Amino acid sequence: MTTSMMPTTAGRPSADEDRRLAGACAAGETRVFEELYGRFGERMKSIAWNTLGNASDAEDAVQETFLKIHRAASTFTGEASFSTWAFRILVNTCYDLLRKRKRRIDESPIDDVVEGPSHTAPSVDEAKRMTLRKLLHELPEQRRAVFTLFEIEGLSHAEIAEILGITEGNSKWILFATKKDLREKWMSVGGARLRVT
Amino acid sequence: MTITCEHLDNLLLDATPESMEMAARHAADCASCAEILATWNDLSETAVSMRTAWPSELLWPRIERALRAERKPALPRWLWQVAAALVLTAGLGATMFYAVREQTRDAAFDRTILRLAALDEVERAERAHVDAIENLEQLAEARLDAAETPLMISYKEKLLLLDDAIAECRASVEGNQQNAHLRKQLLAMYTDKQQTLQDVLREETNVPNP
């Protein structure tokens, strides 16, 4: 089951509302940015953390994303929703940072993360998360992005397609291929041992 | 429709609640598919647990500050151009000021040098006059002491007047050595005295003036 980052179709902001939002961001209205941060900040931090591997880089990426939103808001066309447009900026910013810093997620031990990042499912132990994180890090960027956005962050394939600039069908296929690949590796590192029974 | 192992991949690709339920029903009777499905779901469950949150009280203030810094009003292009022109003009003006000031300083220095050189020349000329005059005085002294004719007496009186004037002028020059007017006056007096003494000597010998 996925939890969309956006309201259902019935409650989805209209194109006019998105344009108003973009105009306010271009004008630098702090109130609007604060509202965006309140609505999407935690999700942005989580995506950035799972991409970059540590809280410090994740916060840098989120800050940089907001600056880029401000700079680029005047170019928002309304083709995608404002929220997916913003998340696209975040994902690209994370990968820019990743390439720039060439930091491996497995070099950032779990303890390096801000103390007590809360994980929503305390029943799954830390070893499994570490294993999966390492496996994800070995994936190509697009596969990792699709898996992260769908499986970790709970976005829909429609939203992922808008963010990554791919088709919805492509997003589904990439996820399937990625999970199949991960499953084989998961099994090879002792999947039976790791699997919750 | 009977679900077989060959359908599993398609069901997992579709990943709708309905397709996953069909896959689960098949896995209940198929150990290998059951393991595949279990791992598949385990991956998803682990991934969900990786959704991360942590307190970042300082993040929003950082973002806000960065946005404010971005929003510093940019000056319109024409204003930048005007500012650049003003800076250029000020720079040129300052350069010219310093250049003129340097030229003035140089000119003043040069004038001082010239003045000193001229002064040396004047003083040499004066000494030459004084030496010539002393020489002529020695030669004309006897005649002047025995002046009997009206001409000789007038020469003697003129020479006395010139001596007083020269003394007075030299005293003034002592206090203002670079006063060209005084120097010229002094030289004129020396010249006059020299000429007068020469006249005295000629009178004595009756040599006509050149």
# chains A, B, ... in the order shown; residues from 1 in each chain; ligands from 1
>>> interface_residues(of="chain B", to="chain A", cutoff="12 Å", atoms="only C-alpha atoms", output="PyMOL selection string")
chain B and resi 8-18+20+35-73
>>> write_last_selection(atoms="C-alpha atoms", output="compact mmCIF listing (two decimals), in the first residue's frame")
# COMPACT_ATOMS: atom_id res chain seq x y z
CA LEU B 8 4.34 -15.18 -10.58
CA ASP B 9 6.60 -12.65 -12.27
CA ASN B 10 3.68 -10.97 -14.00
CA LEU B 11 1.76 -10.82 -10.75
CA LEU B 12 4.70 -9.25 -8.96
CA LEU B 13 5.21 -6.82 -11.81
CA ASP B 14 1.60 -5.74 -11.67
CA ALA B 15 1.81 -5.44 -7.87
CA THR B 16 -1.81 -4.45 -7.42
CA PRO B 17 -3.61 -5.68 -4.30
CA GLU B 18 -5.50 -8.13 -6.48
CA MET B 20 -0.58 -9.84 -4.90
CA GLU B 35 9.95 -18.31 -0.65
CA ILE B 36 10.11 -15.88 -3.54
CA LEU B 37 7.03 -14.04 -2.31
CA ALA B 38 8.27 -14.01 1.29
CA THR B 39 11.54 -12.42 0.30
CA TRP B 40 9.69 -10.00 -1.96
CA ASN B 41 7.50 -8.83 0.90
CA ASP B 42 10.44 -8.77 3.28
CA LEU B 43 12.22 -6.34 1.03
CA SER B 44 9.19 -4.08 1.00
CA GLU B 45 8.75 -4.29 4.76
CA THR B 46 12.41 -3.50 5.38
CA ALA B 47 12.27 -0.61 2.94
CA VAL B 48 9.28 0.94 4.68
CA SER B 49 11.20 0.83 7.95
CA MET B 50 13.96 2.88 6.32
CA ARG B 51 11.74 5.91 6.08
CA THR B 52 13.71 8.28 8.29
CA ALA B 53 12.84 11.25 10.42
CA TRP B 54 14.88 13.22 12.88
CA PRO B 55 14.49 16.55 14.63
CA SER B 56 16.04 19.43 12.68
CA GLU B 57 15.16 22.57 14.60
CA LEU B 58 17.94 24.49 12.84
CA LEU B 59 17.13 23.42 9.30
CA TRP B 60 14.21 25.74 8.61
CA PRO B 61 16.04 28.81 10.04
CA ARG B 62 18.99 27.89 7.78
CA ILE B 63 16.75 27.66 4.77
CA GLU B 64 15.04 30.91 5.65
CA ARG B 65 18.36 32.73 6.01
CA ALA B 66 19.58 31.34 2.72
CA LEU B 67 16.39 32.42 0.99
CA ARG B 68 16.68 35.92 2.44
CA ALA B 69 20.25 36.15 1.23
CA GLU B 70 19.08 35.11 -2.22
CA ARG B 71 16.36 37.72 -2.18
CA LYS B 72 18.64 40.74 -1.70
CA PRO B 73 17.23 43.00 -4.35
>>> residues_around(residues="region 156-160 of chain A", least_positions_apart="3", cutoff="7 Å", atoms="only C-alpha atoms", output="number ranges by chain")
A: 2, 4, 84, 146, 149-150, 163-164, 168, 171-172
>>> write_last_selection(atoms="C-alpha atoms", output="CSV table (one decimal), in the first residue's frame")
chain,number,residue,atom,x,y,z
A,2,THR,CA,1.4,3.3,-0.9
A,4,SER,CA,0.9,9.3,-1.6
A,84,THR,CA,6.4,16.6,-8.0
A,146,VAL,CA,12.5,4.3,-8.2
A,149,LEU,CA,10.6,6.6,-3.8
A,150,PHE,CA,8.1,3.7,-4.1
A,163,ILE,CA,9.5,13.2,-10.7
A,164,LEU,CA,11.9,11.2,-12.7
A,168,GLU,CA,4.4,5.1,-15.3
A,171,SER,CA,8.5,3.0,-13.3
A,172,LYS,CA,6.7,-0.2,-12.6
>>> atom_distance(atom1="CA of Ala24 (chain B)", atom2="CA of Thr178 (chain A)")
20.5 Å
>>> closest_residue(among="B:Lys158, B:His26, B:Arg111, B:Arg170", to="Leu144 (chain B)", atoms="only C-alpha atoms")
B:Lys158
>>> select_by_dssp(residues="region 6-166 of chain A", states="helix (DSSP H, G or I)", output="ChimeraX atom specification")
/A:9-11,15-26,30-52,55-75,82-101,105-107,110-112,126-137,141-152,157-164
>>> write_last_selection(atoms="C-alpha atoms", output="tab-separated table (two decimals), in the first residue's frame")
chain	number	residue	atom	x	y	z
A	9	THR	CA	-7.13	13.45	-7.12
A	10	ALA	CA	-10.16	15.09	-5.61
A	11	GLY	CA	-8.04	17.18	-3.26
A	15	ALA	CA	-3.11	24.05	-11.93
A	16	ASP	CA	-4.03	27.61	-10.96
A	17	GLU	CA	-3.14	26.91	-7.36
A	18	ASP	CA	0.19	25.43	-8.43
A	19	ARG	CA	0.92	28.48	-10.54
A	20	ARG	CA	0.04	30.76	-7.63
A	21	LEU	CA	2.37	28.72	-5.45
A	22	ALA	CA	5.15	28.97	-8.01
A	23	GLY	CA	4.64	32.71	-8.32
A	24	ALA	CA	4.85	33.13	-4.57
A	25	CYS	CA	8.05	31.07	-4.47
A	26	ALA	CA	9.57	33.10	-7.29
A	30	THR	CA	8.87	33.25	3.17
A	31	ARG	CA	5.43	32.25	4.40
A	32	VAL	CA	4.90	30.03	1.36
A	33	PHE	CA	8.28	28.37	1.71
A	34	GLU	CA	7.59	27.71	5.35
A	35	GLU	CA	4.31	26.08	4.37
A	36	LEU	CA	6.11	23.92	1.79
A	37	TYR	CA	8.72	22.95	4.33
A	38	GLY	CA	6.01	21.99	6.77
A	39	ARG	CA	4.22	19.86	4.21
A	40	PHE	CA	7.16	18.22	2.47
A	41	GLY	CA	10.21	18.80	4.61
A	42	GLU	CA	10.18	15.50	6.46
A	43	ARG	CA	9.62	13.50	3.28
A	44	MET	CA	12.39	15.46	1.59
A	45	LYS	CA	14.77	14.78	4.45
A	46	SER	CA	13.98	11.08	4.34
A	47	ILE	CA	14.50	10.80	0.58
A	48	ALA	CA	17.72	12.75	0.83
A	49	TRP	CA	18.90	10.62	3.75
A	50	ASN	CA	18.23	7.36	1.93
A	51	THR	CA	20.04	8.67	-1.12
A	52	LEU	CA	23.01	10.32	0.53
A	55	ALA	CA	21.67	13.53	8.00
A	56	SER	CA	24.13	16.33	7.41
A	57	ASP	CA	24.24	15.82	3.66
A	58	ALA	CA	20.50	15.27	3.62
A	59	GLU	CA	19.85	18.63	5.29
A	60	ASP	CA	22.26	20.33	2.91
A	61	ALA	CA	20.37	18.80	0.00
A	62	VAL	CA	17.02	19.97	1.35
A	63	GLN	CA	18.33	23.50	1.87
A	64	GLU	CA	19.80	23.56	-1.62
A	65	THR	CA	16.51	22.27	-3.00
A	66	PHE	CA	14.57	25.16	-1.49
A	67	LEU	CA	17.04	27.63	-2.96
A	68	LYS	CA	16.68	25.99	-6.36
A	69	ILE	CA	12.91	26.11	-6.06
A	70	HIS	CA	13.16	29.83	-5.41
A	71	ARG	CA	15.50	30.39	-8.35
A	72	ALA	CA	13.56	28.22	-10.80
A	73	ALA	CA	9.99	28.89	-9.71
A	74	SER	CA	9.51	31.48	-12.42
A	75	THR	CA	10.13	28.71	-15.00
A	82	PHE	CA	4.24	21.81	-8.12
A	83	SER	CA	4.98	19.17	-5.50
A	84	THR	CA	6.36	16.61	-7.96
A	85	TRP	CA	8.34	19.39	-9.62
A	86	ALA	CA	9.85	20.22	-6.22
A	87	PHE	CA	10.66	16.58	-5.51
A	88	ARG	CA	12.30	16.28	-8.91
A	89	ILE	CA	14.57	19.13	-7.91
A	90	LEU	CA	15.33	17.32	-4.66
A	91	VAL	CA	16.21	14.02	-6.35
A	92	ASN	CA	18.45	15.75	-8.87
A	93	THR	CA	20.09	17.76	-6.11
A	94	CYS	CA	20.77	14.58	-4.15
A	95	TYR	CA	22.39	12.92	-7.12
A	96	ASP	CA	24.41	16.01	-7.90
A	97	LEU	CA	25.68	15.97	-4.34
A	98	LEU	CA	26.30	12.23	-4.49
A	99	ARG	CA	28.38	12.53	-7.62
A	100	LYS	CA	30.18	15.54	-6.28
A	101	ARG	CA	31.06	14.07	-2.97
A	105	ILE	CA	26.43	5.05	1.93
A	106	ASP	CA	28.28	2.13	3.41
A	107	GLU	CA	30.99	4.56	4.63
A	110	ILE	CA	24.30	3.77	11.06
A	111	ASP	CA	25.70	5.42	14.18
A	112	ASP	CA	26.83	8.34	12.06
A	126	GLU	CA	18.88	-2.74	12.07
A	127	ALA	CA	20.94	-5.43	10.37
A	128	LYS	CA	18.35	-5.87	7.65
A	129	ARG	CA	18.19	-2.16	7.03
A	130	MET	CA	21.95	-1.97	6.82
A	131	THR	CA	22.02	-4.87	4.36
A	132	LEU	CA	19.37	-3.38	2.17
A	133	ARG	CA	21.04	0.04	2.31
A	134	LYS	CA	24.27	-1.46	1.07
A	135	LEU	CA	22.51	-3.34	-1.69
A	136	LEU	CA	20.70	-0.20	-2.76
A	137	HIS	CA	23.93	1.71	-2.92
A	141	GLU	CA	20.87	5.85	-9.85
A	142	GLN	CA	17.53	5.48	-11.58
A	143	ARG	CA	16.81	2.02	-10.14
A	144	ARG	CA	17.77	3.20	-6.70
A	145	ALA	CA	15.57	6.27	-7.08
A	146	VAL	CA	12.52	4.27	-8.15
A	147	PHE	CA	12.93	1.76	-5.32
A	148	THR	CA	13.51	4.50	-2.75
A	149	LEU	CA	10.56	6.60	-3.84
A	150	PHE	CA	8.14	3.67	-4.14
A	151	GLU	CA	9.15	1.23	-1.44
A	152	ILE	CA	10.66	3.53	1.19
A	157	HIS	CA	4.23	5.12	-9.88
A	158	ALA	CA	2.39	8.11	-11.33
A	159	GLU	CA	4.18	10.45	-8.96
A	160	ILE	CA	7.53	8.73	-9.52
A	161	ALA	CA	7.07	9.00	-13.27
A	162	GLU	CA	6.52	12.75	-12.96
A	163	ILE	CA	9.48	13.20	-10.66
A	164	LEU	CA	11.94	11.18	-12.70
>>> atom_distance(atom1="CA of Asn170 (chain A)", atom2="CA of Val189 (chain A)")
28.5 Å
>>> residues_around(residues="Ala140 (chain B)", least_positions_apart="2", cutoff="10 Å", atoms="only C-alpha atoms", output="count of residues only")
16
>>> residues_around(residues="Arg127 (chain B)", least_positions_apart="4", cutoff="12 Å", atoms="only C-alpha atoms", output="list in words")
Asp120, Glu121, Val122, Glu123, Asp131, Ala132, Ile133, Glu134, Leu186, Leu187, Tyr190 and Thr191 of chain B
